[in-house]
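Text of input-v3.csv (CSV, C-alpha atoms) as supplied:
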chain,number,residue,atom,x,y,z
A,198,MET,CA,-59.0,61.7,-5.5
A,199,SER,CA,-60.3,62.1,-9.0
A,200,ALA,CA,-61.7,65.3,-10.4
A,201,ILE,CA,-65.3,64.7,-9.6
A,202,ILE,CA,-66.0,68.3,-9.9
A,203,ARG,CA,-67.3,68.6,-13.4
A,204,LEU,CA,-69.1,65.5,-13.3
A,205,ALA,CA,-72.1,67.0,-12.0
A,206,VAL,CA,-75.3,65.3,-12.1
A,207,GLY,CA,-76.0,62.1,-10.6
A,208,ALA,CA,-79.4,60.9,-9.9
A,209,LEU,CA,-81.6,58.4,-8.8
A,210,ALA,CA,-84.9,57.3,-8.8
A,211,LEU,CA,-85.1,58.0,-5.1
A,212,ALA,CA,-86.1,61.6,-5.6
A,213,ALA,CA,-88.7,63.6,-3.9
A,214,LEU,CA,-89.8,63.5,-0.3
A,215,THR,CA,-93.5,63.8,-0.8
A,216,ALA,CA,-95.9,60.9,-1.3
A,217,CYS,CA,-98.5,61.0,-4.1
A,218,ALA,CA,-101.5,58.8,-4.6
A,219,ALA,CA,-101.3,56.3,-7.4
A,220,GLU,CA,-103.7,56.3,-10.2
A,221,THR,CA,-105.3,53.1,-11.3
A,222,PRO,CA,-103.2,51.6,-14.1
A,223,ALA,CA,-104.7,50.5,-17.3
A,224,THR,CA,-103.7,47.1,-18.6
A,225,GLY,CA,-103.7,45.5,-22.0
A,226,GLY,CA,-101.7,45.4,-25.2
A,227,PRO,CA,-99.1,47.7,-26.6
A,228,GLY,CA,-100.0,51.3,-26.3
A,229,ALA,CA,-103.1,50.6,-24.2
A,230,ALA,CA,-101.6,51.1,-20.8
A,231,ALA,CA,-101.9,54.5,-19.1
A,232,LYS,CA,-99.0,55.2,-16.7
A,233,PRO,CA,-99.9,56.0,-13.1
A,234,ALA,CA,-98.4,59.2,-11.9
A,235,LYS,CA,-96.9,57.4,-9.0
A,236,VAL,CA,-97.4,54.0,-7.3
A,237,THR,CA,-97.7,54.5,-3.6
A,238,VAL,CA,-96.1,52.1,-1.2
A,239,ALA,CA,-97.1,52.1,2.5
A,240,ALA,CA,-94.3,50.3,4.4
A,241,SER,CA,-94.3,49.4,8.0
A,242,ASP,CA,-92.5,46.9,10.3
A,243,THR,CA,-95.0,44.2,9.3
A,244,GLU,CA,-96.5,45.3,5.9
A,245,CYS,CA,-95.6,46.4,2.4
A,246,LYS,CA,-98.8,47.7,0.9
A,247,VAL,CA,-98.3,48.5,-2.8
A,248,ALA,CA,-101.2,50.4,-4.3
A,249,VAL,CA,-101.3,48.4,-7.5
A,250,SER,CA,-100.2,44.9,-8.7
A,251,GLU,CA,-99.9,45.7,-12.3
A,252,VAL,CA,-98.2,48.6,-14.2
A,253,ALA,CA,-97.5,49.4,-17.9
A,254,ALA,CA,-94.0,48.7,-19.3
A,255,GLY,CA,-91.5,51.5,-19.2
A,256,ALA,CA,-90.5,53.8,-16.4
A,257,SER,CA,-92.6,53.6,-13.2
A,258,THR,CA,-92.3,55.9,-10.2
A,259,PHE,CA,-92.7,54.3,-6.7
A,260,SER,CA,-93.4,56.6,-3.8
A,261,ILE,CA,-92.5,54.7,-0.6
A,262,THR,CA,-93.6,56.0,2.8
A,263,ASN,CA,-92.2,54.3,6.0
A,264,GLY,CA,-94.9,54.3,8.6
A,265,GLY,CA,-93.0,51.8,10.8
A,266,SER,CA,-90.5,52.1,13.6
A,267,LYS,CA,-87.5,50.6,11.7
A,268,VAL,CA,-85.4,51.8,8.9
A,269,THR,CA,-86.6,50.1,5.7
A,270,GLU,CA,-85.6,49.4,2.1
A,271,PHE,CA,-87.7,49.0,-1.0
A,272,TYR,CA,-86.7,46.8,-4.0
A,273,VAL,CA,-88.1,45.7,-7.4
A,274,TYR,CA,-86.9,42.2,-8.1
A,275,ALA,CA,-86.8,40.3,-11.3
A,276,PRO,CA,-86.8,36.5,-11.1
A,277,GLY,CA,-83.8,35.2,-9.1
A,278,ASP,CA,-83.9,38.3,-6.9
A,279,ARG,CA,-82.1,40.3,-9.5
A,280,VAL,CA,-82.4,43.9,-8.4
A,281,MET,CA,-84.1,46.1,-11.1
A,282,ALA,CA,-84.2,49.2,-8.7
A,283,GLU,CA,-83.8,49.9,-5.0
A,284,VAL,CA,-83.9,52.6,-2.4
A,285,GLU,CA,-82.3,52.0,1.0
A,286,ASN,CA,-82.3,53.8,4.3
A,287,ILE,CA,-85.9,55.0,4.4
A,288,VAL,CA,-86.1,56.1,8.0
A,289,PRO,CA,-89.4,56.1,9.9
A,290,GLY,CA,-91.7,58.9,8.7
A,291,LEU,CA,-89.8,59.5,5.5
A,292,THR,CA,-91.1,59.2,1.9
A,293,ARG,CA,-88.7,58.4,-0.9
A,294,GLU,CA,-89.2,58.0,-4.6
A,295,LEU,CA,-87.7,55.4,-6.9
A,296,ILE,CA,-88.0,55.3,-10.7
A,297,ALA,CA,-87.6,51.9,-12.3
A,298,GLU,CA,-87.5,51.0,-16.0
A,299,LEU,CA,-89.4,47.7,-16.3
A,300,PRO,CA,-89.9,45.7,-19.5
A,301,ALA,CA,-93.0,43.4,-19.6
A,302,GLY,CA,-92.7,40.5,-17.3
A,303,SER,CA,-93.3,39.3,-13.7
A,304,TYR,CA,-91.5,40.9,-10.8
A,305,GLU,CA,-91.8,41.3,-7.0
A,306,THR,CA,-91.9,44.4,-4.9
A,307,VAL,CA,-90.1,44.0,-1.6
A,308,CYS,CA,-90.0,46.0,1.6
A,309,LYS,CA,-87.2,45.1,4.1
A,310,PRO,CA,-88.0,46.5,7.6
A,311,GLY,CA,-84.8,46.6,9.5
A,312,MET,CA,-82.9,46.2,6.2
A,313,THR,CA,-82.4,42.5,6.8
A,314,GLY,CA,-83.8,39.2,5.6
A,315,LYS,CA,-85.8,38.3,2.5
A,316,GLY,CA,-88.4,41.1,3.1
A,317,ILE,CA,-92.2,41.4,2.7
A,318,ARG,CA,-93.0,40.5,-1.0
A,319,ASN,CA,-95.8,41.2,-3.4
A,320,PRO,CA,-96.2,40.2,-7.1
A,321,LEU,CA,-96.0,42.9,-9.7
A,322,LYS,CA,-97.0,42.3,-13.3
A,323,VAL,CA,-95.7,44.6,-16.0
A,324,THR,CA,-97.6,44.5,-19.3
A,325,GLY,CA,-97.4,46.0,-22.8
A,326,GLU,CA,-94.5,47.3,-24.7
A,327,HIS,CA,-92.3,50.4,-24.4
A,328,LYS,CA,-89.3,52.0,-26.2
A,329,PRO,CA,-86.3,51.4,-24.0
A,330,LEU,CA,-84.4,54.4,-22.8
A,331,ASN,CA,-81.3,53.0,-24.4
A,332,ALA,CA,-83.0,53.4,-27.8
A,333,ASP,CA,-81.8,57.0,-27.5
A,334,ALA,CA,-78.2,57.1,-28.9
A,335,LYS,CA,-76.9,59.4,-26.2
A,336,LEU,CA,-78.3,57.4,-23.4
A,337,ALA,CA,-77.0,54.2,-25.0
A,338,GLU,CA,-73.5,55.8,-25.1
A,339,ALA,CA,-73.8,56.9,-21.5
A,340,THR,CA,-74.6,53.4,-20.4
A,341,ALA,CA,-71.7,52.0,-22.5
A,342,GLY,CA,-69.3,54.5,-21.1
A,343,TYR,CA,-70.3,53.6,-17.5
A,344,LYS,CA,-69.8,49.9,-18.3
A,345,ARG,CA,-66.3,50.7,-19.3
A,346,TYR,CA,-65.7,52.4,-16.0
A,347,VAL,CA,-67.2,49.4,-14.1
A,348,LYS,CA,-64.8,47.1,-16.1
A,349,SER,CA,-61.7,49.2,-15.2
A,350,GLN,CA,-62.7,49.3,-11.5
A,351,SER,CA,-63.6,45.6,-11.2
A,352,ASP,CA,-60.4,44.5,-12.8
A,353,THR,CA,-58.5,46.4,-10.1
A,354,LEU,CA,-60.9,45.1,-7.4
A,355,LEU,CA,-59.9,41.6,-8.3
A,356,VAL,CA,-56.2,42.4,-8.0
A,357,LYS,CA,-56.4,44.2,-4.7
A,358,THR,CA,-58.8,41.8,-3.1
A,359,GLN,CA,-56.5,38.9,-4.0
A,360,GLU,CA,-53.6,40.8,-2.4
A,361,PHE,CA,-55.7,41.3,0.7
A,362,VAL,CA,-56.7,37.7,0.8
A,363,ASP,CA,-53.2,36.5,0.4
A,364,ALA,CA,-52.0,38.7,3.3
A,365,VAL,CA,-54.9,37.3,5.5
A,366,LYS,CA,-54.1,33.7,4.7
A,367,ALA,CA,-50.4,34.3,5.3
A,368,GLY,CA,-51.2,35.8,8.8
A,369,ARG,CA,-49.7,39.2,7.9
A,370,ILE,CA,-51.9,41.3,10.0
A,371,ASP,CA,-50.2,44.7,9.4
A,372,LYS,CA,-50.2,44.1,5.6
A,373,ALA,CA,-53.8,43.0,5.6
A,374,LYS,CA,-54.7,46.2,7.6
A,375,GLU,CA,-52.9,48.3,5.0
A,376,LEU,CA,-54.7,46.6,2.1
A,377,PHE,CA,-58.2,46.5,3.7
A,378,PRO,CA,-59.3,50.1,2.7
A,379,VAL,CA,-57.5,49.9,-0.6
A,380,ALA,CA,-59.3,46.9,-1.8
A,381,ARG,CA,-62.6,48.3,-0.6
A,382,THR,CA,-62.1,51.5,-2.6
A,383,TYR,CA,-62.7,49.6,-5.8
A,384,TRP,CA,-65.6,47.8,-4.3
A,385,GLU,CA,-67.3,51.0,-3.1
A,386,ARG,CA,-67.0,52.7,-6.5
A,387,ILE,CA,-69.1,50.0,-8.2
A,388,GLU,CA,-71.3,48.9,-5.4
A,389,PRO,CA,-74.6,49.9,-7.1
A,390,VAL,CA,-73.9,47.4,-9.9
A,391,ALA,CA,-72.7,44.8,-7.4
A,392,GLU,CA,-75.9,45.1,-5.4
A,393,ILE,CA,-78.0,44.0,-8.4
A,394,PHE,CA,-77.1,40.4,-7.8
A,395,GLY,CA,-79.1,39.4,-4.7
A,396,ASP,CA,-77.1,37.7,-1.9
A,397,LEU,CA,-73.7,38.3,-3.3
A,398,ASP,CA,-73.5,41.9,-2.0
A,399,PRO,CA,-74.2,41.0,1.7
A,400,ALA,CA,-71.9,38.0,1.5
A,401,ILE,CA,-69.1,40.4,0.6
A,402,ASP,CA,-70.0,43.5,2.5
A,403,ALA,CA,-72.4,42.8,5.3
A,404,ARG,CA,-71.7,44.4,8.7
A,405,GLU,CA,-72.3,42.5,11.9
A,406,ALA,CA,-75.3,44.7,12.6
A,407,ASP,CA,-76.8,43.8,9.2
A,408,LEU,CA,-77.1,40.1,9.9
A,409,ALA,CA,-80.5,38.4,10.4
A,410,GLU,CA,-80.7,35.9,13.2
A,411,GLY,CA,-78.8,32.8,12.4
A,412,GLU,CA,-77.3,34.3,9.2
A,413,GLU,CA,-73.7,33.3,8.5
A,414,TRP,CA,-71.3,36.3,8.5
A,415,THR,CA,-68.7,36.4,5.8
A,416,GLY,CA,-66.8,39.0,3.8
A,417,PHE,CA,-64.7,42.1,4.3
A,418,HIS,CA,-66.2,43.2,7.7
A,419,LYS,CA,-65.8,39.8,9.3
A,420,ILE,CA,-62.1,39.9,8.6
A,421,GLU,CA,-62.0,43.6,9.6
A,422,LYS,CA,-63.2,42.7,13.1
A,423,ASP,CA,-60.6,39.9,13.4
A,424,LEU,CA,-57.8,42.3,12.2
A,425,TRP,CA,-58.6,45.1,14.6
A,426,ILE,CA,-60.5,43.6,17.5
A,427,THR,CA,-59.7,39.9,18.0
A,428,LYS,CA,-56.2,40.4,16.4
A,429,ASP,CA,-56.4,36.8,15.3
A,430,ILE,CA,-56.8,35.9,11.7
A,431,SER,CA,-55.5,32.3,12.0
A,432,LYS,CA,-59.0,30.9,11.3
A,433,ASP,CA,-60.0,33.3,8.5
A,434,GLY,CA,-58.6,31.3,5.6
A,435,PRO,CA,-62.0,29.9,4.6
A,436,VAL,CA,-63.6,33.4,4.9
A,437,ALA,CA,-60.8,34.9,2.8
A,438,ASP,CA,-61.3,32.1,0.1
A,439,LYS,CA,-65.0,32.8,0.0
A,440,LEU,CA,-64.4,36.5,-0.3
A,441,ILE,CA,-62.3,36.3,-3.4
A,442,ALA,CA,-64.6,33.7,-4.9
A,443,ASP,CA,-67.6,35.9,-4.3
A,444,VAL,CA,-65.7,39.0,-5.7
A,445,LYS,CA,-64.8,37.0,-8.8
A,446,THR,CA,-68.5,36.0,-9.3
A,447,ILE,CA,-69.6,39.6,-8.8
A,448,VAL,CA,-67.1,41.0,-11.3
A,449,GLU,CA,-68.1,38.4,-13.9
A,450,LYS,CA,-71.8,39.2,-13.5
A,451,ALA,CA,-71.2,43.0,-13.3
A,452,ASN,CA,-69.3,43.0,-16.6
A,453,ALA,CA,-72.0,40.9,-18.3
A,454,ALA,CA,-75.0,42.9,-16.9
A,455,GLU,CA,-77.3,44.8,-19.2
A,456,LEU,CA,-77.6,48.2,-17.5
A,457,THR,CA,-80.1,51.0,-18.2
A,458,PRO,CA,-79.6,54.8,-17.9
A,459,LEU,CA,-81.7,54.7,-14.8
A,460,ASN,CA,-79.2,52.3,-13.2
A,461,LEU,CA,-76.7,55.1,-13.6
A,462,ALA,CA,-79.0,57.8,-12.3
A,463,ASN,CA,-80.1,55.7,-9.3
A,464,GLY,CA,-76.7,54.5,-8.5
A,465,ALA,CA,-75.2,58.0,-8.4
A,466,LYS,CA,-77.8,58.9,-5.7
A,467,GLU,CA,-77.5,55.6,-3.9
A,468,LEU,CA,-73.7,56.1,-3.4
A,469,LEU,CA,-74.3,59.5,-1.8
A,470,ASP,CA,-76.9,57.8,0.5
A,471,GLU,CA,-74.2,55.3,1.4
A,472,VAL,CA,-72.0,58.2,2.5
A,473,ALA,CA,-74.7,59.9,4.5
A,474,THR,CA,-76.0,56.9,6.3
A,475,GLY,CA,-72.8,54.9,6.8
A,476,LYS,CA,-69.5,56.7,6.2
A,477,ILE,CA,-70.4,60.0,8.0
A,478,THR,CA,-71.6,58.1,11.0
A,479,GLY,CA,-68.7,55.7,11.2
A,480,GLU,CA,-71.0,52.7,11.1
A,481,GLU,CA,-69.4,51.2,7.9
A,482,ASP,CA,-65.9,50.5,9.1
A,483,ILE,CA,-66.6,50.5,12.8
A,484,TRP,CA,-63.4,48.8,13.9
A,485,SER,CA,-60.8,50.0,11.4
A,486,HIS,CA,-62.3,53.6,11.2
A,487,THR,CA,-61.3,53.8,7.5
A,488,ASP,CA,-64.6,55.2,6.5
A,489,LEU,CA,-63.2,58.2,4.6
A,490,TRP,CA,-61.6,55.8,2.1
A,491,ASP,CA,-65.1,54.5,1.4
A,492,PHE,CA,-66.5,58.1,1.4
A,493,ALA,CA,-64.0,59.1,-1.3
A,494,ALA,CA,-64.8,56.0,-3.3
A,495,ASN,CA,-68.5,56.5,-3.2
A,496,LEU,CA,-68.1,60.1,-4.3
A,497,ALA,CA,-65.9,59.0,-7.1
A,498,GLY,CA,-68.3,56.3,-8.2
A,499,SER,CA,-71.2,58.8,-8.2
A,500,GLU,CA,-69.1,61.1,-10.2
A,501,ALA,CA,-68.4,58.4,-12.8
A,502,ALA,CA,-72.1,57.7,-13.3
A,503,VAL,CA,-73.0,61.3,-13.8
A,504,GLN,CA,-70.0,61.9,-16.0
A,505,SER,CA,-71.4,59.2,-18.3
A,506,LEU,CA,-74.8,61.0,-18.3
A,507,ARG,CA,-73.4,64.5,-18.7
A,508,PRO,CA,-74.0,65.0,-22.5
A,509,VAL,CA,-77.7,64.1,-22.0
A,510,LEU,CA,-78.0,66.3,-18.9
A,511,GLU,CA,-76.3,69.2,-20.6
A,512,GLU,CA,-78.8,69.0,-23.4
A,513,ARG,CA,-81.9,68.5,-21.3
A,514,SER,CA,-81.2,70.4,-18.1
A,515,PRO,CA,-78.1,72.7,-18.3
A,516,ASP,CA,-79.0,74.6,-15.1
A,517,LEU,CA,-78.9,71.3,-13.2
A,518,VAL,CA,-75.5,70.5,-14.6
A,519,LYS,CA,-74.2,73.9,-13.4
A,520,THR,CA,-75.6,73.3,-9.9
A,521,LEU,CA,-74.1,69.9,-9.7
A,522,ASP,CA,-70.7,71.1,-10.8
A,523,GLU,CA,-70.7,73.5,-7.9
A,524,LYS,CA,-71.9,71.0,-5.4
A,525,PHE,CA,-69.5,68.3,-6.5
A,526,ALA,CA,-66.6,70.8,-6.3
A,527,ALA,CA,-67.7,71.8,-2.8
A,528,ALA,CA,-67.9,68.1,-1.6
A,529,GLU,CA,-64.5,67.3,-3.1
A,530,ALA,CA,-62.9,70.4,-1.5
A,531,GLU,CA,-64.3,69.6,2.0
A,532,LEU,CA,-63.2,66.0,1.8
A,533,GLY,CA,-59.8,67.0,0.5
A,534,LYS,CA,-59.2,68.8,3.9
A,535,HIS,CA,-58.8,65.3,5.4
A,536,GLN,CA,-56.2,63.7,3.1
A,537,LYS,CA,-53.4,62.1,5.0
A,538,GLY,CA,-50.4,60.8,2.9
A,539,ASN,CA,-51.8,58.5,0.2
A,540,GLY,CA,-55.0,58.0,2.2
A,541,TRP,CA,-57.3,59.7,4.6
A,542,ARG,CA,-57.6,60.5,8.3
A,543,LEU,CA,-59.4,57.9,10.4
A,544,HIS,CA,-63.0,58.6,11.3
A,545,ASN,CA,-62.3,58.7,15.0
A,546,GLU,CA,-59.8,61.5,14.4
A,547,LEU,CA,-62.4,63.8,13.1
A,548,SER,CA,-64.3,66.3,15.3
A,549,LYS,CA,-68.1,66.6,15.4
A,550,GLU,CA,-67.7,69.9,13.6
A,551,GLU,CA,-65.7,68.3,10.8
A,552,LEU,CA,-68.1,65.5,10.4
A,553,LYS,CA,-71.0,67.9,10.2
A,554,SER,CA,-69.3,69.9,7.5
A,555,LEU,CA,-68.8,66.7,5.5
A,556,SER,CA,-72.5,65.8,6.1
A,557,ASP,CA,-73.6,69.2,5.0
A,558,VAL,CA,-71.8,69.1,1.6
A,559,ILE,CA,-73.1,65.6,0.9
A,560,ASN,CA,-76.7,66.7,1.7
A,561,ALA,CA,-76.3,69.7,-0.5
A,562,LEU,CA,-75.2,67.5,-3.4
A,563,ALA,CA,-77.8,64.8,-2.9
A,564,GLU,CA,-80.7,67.2,-3.5
A,565,PRO,CA,-79.8,68.2,-7.1
A,566,ILE,CA,-78.7,64.6,-7.8
A,567,SER,CA,-82.1,63.4,-6.9
A,568,LYS,CA,-83.4,65.4,-9.9
A,569,ILE,CA,-81.5,63.4,-12.5
A,570,ALA,CA,-83.6,60.3,-12.7
A,571,PRO,CA,-86.7,62.2,-13.8
A,572,VAL,CA,-84.6,64.0,-16.4
A,573,VAL,CA,-83.2,60.8,-17.7
A,574,ALA,CA,-86.7,59.1,-17.7
A,575,GLY,CA,-88.0,62.0,-19.8

Representation of the structure as structure tokens:
Amino acid sequence: MSAIIRLAVGALALAALTACAAETPATGGPGAAAKPAKVTVAASDTECKVAVSEVAAGASTFSITNGGSKVTEFYVYAPGDRVMAEVENIVPGLTRELIAELPAGSYETVCKPGMTGKGIRNPLKVTGEHKPLNADAKLAEATAGYKRYVKSQSDTLLVKTQEFVDAVKAGRIDKAKELFPVARTYWERIEPVAEIFGDLDPAIDAREADLAEGEEWTGFHKIEKDLWITKDISKDGPVADKLIADVKTIVEKANAAELTPLNLANGAKELLDEVATGKITGEEDIWSHTDLWDFAANLAGSEAAVQSLRPVLEERSPDLVKTLDEKFAAAEAELGKHQKGNGWRLHNELSKEELKSLSDVINALAEPISKIAPVVAG
């Protein structure tokens, strides 16, 4: 486990838990647009009511309230369903916030009740000009530093996924089981970047429960079920071939992607949300029970994002850095209690009390991390 302690600070545009009414945005040429305080989004099982259809270029804050009965997600898509910003796991009755940096252009806002399918979509026009956050030299270096981290992790992801695929195609069940959580470690560390590219993420990482009706199931978790439940991987060669092909595509796209400082901030928080909603509950690796490998990887990936942002955060909000140092250290220490050899205890070996302790330290860390995106956006 890496030293995620001093990395404090991760963040996300998913911040506050209270909704705020959106002001009417002005439109027009450069400098003419007045930013709304927040753009409210009323999500339900059948609707996605976005208060405005046009915003000024730059950082916009969306405040999403789920008034439905299903857990939902909210995305801002560029053409081709490229994810500009997202917030997942908005449970019924909850309000979440998302800050997105949007250059002038045409986009879509999307709610996904049940977190499946293509979602309920609305056009969003962004007008005017803005000074990109990366125009700040320290933020530009933060983004460049994080891209170096993504490159290092994605290089190893390719190697370990190929080893896993080779074991599956050779019918070596025990070897494939051993490699399953190892390959996924590198995937889970960079997942916020991987999720930018539309359908590739679900093709690689969808759980059976995530599938829409009639949707083909591929990727890690399809093979996981065959390894641990059916105990027959003799027909998984095509699934394994598709997995490595999709991973190669994701790695290529991730290394070429132009990231913004808010991608780092949002990604750091998103990874903690992944822990809280999937790894703690055991829903992620439901058959192998290797959820703590993913937990550790998400925590390390969040750490890497905030590590990159640290110089900016120390300058703009030193008290936040101090708090995050403390909370990261506490989360690392609590997780460290469950190390087992070169890996981790299985999820089904942990007691309810142990799982609650892990949940508590993640929730304590998530609150200050949610404050980073506003600091980064200025």

With 12 Å as the cut-off and only C-alpha atoms counted, what is the closest atom pair between each nearby residue of region 511-531 of chain A and region 553-557 of chain A? Distances in Å to one decimal, ordered by chain and number, as JSON lines.
{"residue": "A:Lys524", "atom": "CA", "partner": "A:Asp557", "partner_atom": "CA", "distance": 10.7}
{"residue": "A:Ala527", "atom": "CA", "partner": "A:Leu555", "partner_atom": "CA", "distance": 9.8}
{"residue": "A:Ala528", "atom": "CA", "partner": "A:Leu555", "partner_atom": "CA", "distance": 7.3}
{"residue": "A:Glu529", "atom": "CA", "partner": "A:Leu555", "partner_atom": "CA", "distance": 9.6}
{"residue": "A:Ala530", "atom": "CA", "partner": "A:Leu555", "partner_atom": "CA", "distance": 9.9}
{"residue": "A:Glu531", "atom": "CA", "partner": "A:Leu555", "partner_atom": "CA", "distance": 6.4}

Could you save the residues just selected, with C-alpha atoms, as an mmCIF file, keeping the file's coordinate frame?
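Final output, again_39.cif:
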data_model
loop_
_atom_site.group_PDB
_atom_site.id
_atom_site.type_symbol
_atom_site.label_atom_id
_atom_site.label_comp_id
_atom_site.auth_asym_id
_atom_site.auth_seq_id
_atom_site.Cartn_x
_atom_site.Cartn_y
_atom_site.Cartn_z
ATOM 1 C CA LYS A 524 -71.900 71.000 -5.400
ATOM 2 C CA ALA A 527 -67.700 71.800 -2.800
ATOM 3 C CA ALA A 528 -67.900 68.100 -1.600
ATOM 4 C CA GLU A 529 -64.500 67.300 -3.100
ATOM 5 C CA ALA A 530 -62.900 70.400 -1.500
ATOM 6 C CA GLU A 531 -64.300 69.600 2.000
#

Give me the residues of region 365-444 of chain A that have any atom at most 9 Å from an atom of region 488-510 of chain A; for each, the nearest atom pair and the distance in Å, rounded to one decimal. Use only C-alpha atoms, sort by chain and number, and format it as a Markdown table.
| residue | atom | partner | partner_atom | distance |
| --- | --- | --- | --- | --- |
| A:Pro378 | CA | A:Trp490 | CA | 6.2 |
| A:Val379 | CA | A:Trp490 | CA | 7.7 |
| A:Arg381 | CA | A:Asp491 | CA | 7.0 |
| A:Thr382 | CA | A:Ala494 | CA | 5.3 |
| A:Tyr383 | CA | A:Ala494 | CA | 7.2 |
| A:Trp384 | CA | A:Ala494 | CA | 8.3 |
| A:Glu385 | CA | A:Ala494 | CA | 5.6 |
| A:Arg386 | CA | A:Gly498 | CA | 4.2 |
| A:Ile387 | CA | A:Gly498 | CA | 6.4 |
| A:Glu388 | CA | A:Asn495 | CA | 8.4 |

Which polymer residues, whether protein, DNA or RNA, lie within 7 Å of the coordinate (-81.4, 49.9, -7.8) when you count all atoms listed in the file? List them as a ChimeraX atom specification, using the chain letters and numbers from the file. /A:280-284,389,393,460,463-464

Write a file of the selected residues as a CSV table (one decimal), in the coordinates of the input, keeping C-alpha atoms.
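again_1.csv, freshly written:
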chain,number,residue,atom,x,y,z
A,280,VAL,CA,-82.4,43.9,-8.4
A,281,MET,CA,-84.1,46.1,-11.1
A,282,ALA,CA,-84.2,49.2,-8.7
A,283,GLU,CA,-83.8,49.9,-5.0
A,284,VAL,CA,-83.9,52.6,-2.4
A,389,PRO,CA,-74.6,49.9,-7.1
A,393,ILE,CA,-78.0,44.0,-8.4
A,460,ASN,CA,-79.2,52.3,-13.2
A,463,ASN,CA,-80.1,55.7,-9.3
A,464,GLY,CA,-76.7,54.5,-8.5

Of the residues A:Asp363, A:Glu294, A:Asn286, A:Thr457, which is the one nearest to Ala473 (chain A), using only C-alpha atoms?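 Closest to Ala473 (chain A), using only C-alpha atoms: A:Asn286.
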
Which residue of A:Gly311, A:Pro458, A:Pro435, A:Gly411 approaches Lys335 (chain A) most closely, using all atoms listed in the file: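 Looking at the shortest contact to Lys335 (chain A), the residue is A:Pro458.
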
Residues near region 345-362 of chain A, cut-off 10 Å, all atoms listed in the file, skip fewer than 2 positions along chain, as a compact mmCIF listing (two decimals) with C-alpha atoms, keeping the file's coordinate frame:
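Ended up saving to result_31.txt:
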# COMPACT_ATOMS: atom_id res chain seq x y z
CA ALA A 339 -73.80 56.90 -21.50
CA THR A 340 -74.60 53.40 -20.40
CA ALA A 341 -71.70 52.00 -22.50
CA GLY A 342 -69.30 54.50 -21.10
CA TYR A 343 -70.30 53.60 -17.50
CA ALA A 364 -52.00 38.70 3.30
CA VAL A 365 -54.90 37.30 5.50
CA LYS A 366 -54.10 33.70 4.70
CA ALA A 367 -50.40 34.30 5.30
CA GLY A 368 -51.20 35.80 8.80
CA ARG A 369 -49.70 39.20 7.90
CA LYS A 372 -50.20 44.10 5.60
CA ALA A 373 -53.80 43.00 5.60
CA LYS A 374 -54.70 46.20 7.60
CA GLU A 375 -52.90 48.30 5.00
CA LEU A 376 -54.70 46.60 2.10
CA PHE A 377 -58.20 46.50 3.70
CA PRO A 378 -59.30 50.10 2.70
CA VAL A 379 -57.50 49.90 -0.60
CA ALA A 380 -59.30 46.90 -1.80
CA ARG A 381 -62.60 48.30 -0.60
CA THR A 382 -62.10 51.50 -2.60
CA TYR A 383 -62.70 49.60 -5.80
CA TRP A 384 -65.60 47.80 -4.30
CA GLU A 385 -67.30 51.00 -3.10
CA ARG A 386 -67.00 52.70 -6.50
CA ILE A 387 -69.10 50.00 -8.20
CA GLU A 388 -71.30 48.90 -5.40
CA VAL A 390 -73.90 47.40 -9.90
CA ALA A 391 -72.70 44.80 -7.40
CA PHE A 417 -64.70 42.10 4.30
CA ILE A 420 -62.10 39.90 8.60
CA ASP A 433 -60.00 33.30 8.50
CA GLY A 434 -58.60 31.30 5.60
CA VAL A 436 -63.60 33.40 4.90
CA ALA A 437 -60.80 34.90 2.80
CA ASP A 438 -61.30 32.10 0.10
CA LYS A 439 -65.00 32.80 0.00
CA LEU A 440 -64.40 36.50 -0.30
CA ILE A 441 -62.30 36.30 -3.40
CA ALA A 442 -64.60 33.70 -4.90
CA VAL A 444 -65.70 39.00 -5.70
CA LYS A 445 -64.80 37.00 -8.80
CA ILE A 447 -69.60 39.60 -8.80
CA VAL A 448 -67.10 41.00 -11.30
CA GLU A 449 -68.10 38.40 -13.90
CA ALA A 451 -71.20 43.00 -13.30
CA ASN A 452 -69.30 43.00 -16.60
CA ALA A 453 -72.00 40.90 -18.30
CA GLY A 498 -68.30 56.30 -8.20
CA ALA A 501 -68.40 58.40 -12.80
CA ALA A 502 -72.10 57.70 -13.30
CA SER A 505 -71.40 59.20 -18.30

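Here CA of Ala334 (chain A) and CA of Ala574 (chain A) stand 14.2 Å from one another.
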
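The smallest atom-to-atom distance between Ala406 (chain A) and any of A:Glu421, A:Asp278, A:Glu392, A:Glu480, using all atoms listed in the file, is found for A:Glu480.
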
For region 516-558 of chain A versus region 567-572 of chain A, which residues have an atom no more than 12 Å away, and what is each residue's nearest atom pair and distance in Å rounded to one decimal, using all atoms listed in the file, chain-then-number order, as CSV?
residue,atom,partner,partner_atom,distance
A:Asp516,CA,A:Lys568,CA,11.4
A:Leu517,CA,A:Lys568,CA,8.1
A:Val518,CA,A:Ile569,CA,9.5
A:Thr520,CA,A:Lys568,CA,11.1
A:Leu521,CA,A:Ile569,CA,10.2

Length of the CA of Ser485 (chain A) to CA of Lys422 (chain A) vector [Å]: 7.9 Å

Considering only C-alpha atoms, return as a ChimeraX atom specification whatever protein or nucleic-acid residues lie within 7 Å of region 257-267 of chain A, sequence-local ones (same chain, fewer than 4 positions apart) excluded. /A:216-217,235-242,287-298,310-311

Of the residues A:Val573, A:Glu410, A:Lys322, A:Ile317, which is the one nearest to Glu511 (chain A), using all atoms listed in the file?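 Closest residue, counting all atoms listed in the file: A:Val573.
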
To one decimal in Å, tell me the separation between CA of Val252 (chain A) and CA of Glu305 (chain A).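 Straight-line distance from CA of Val252 (chain A) to CA of Glu305 (chain A) works out to 12.1 Å.
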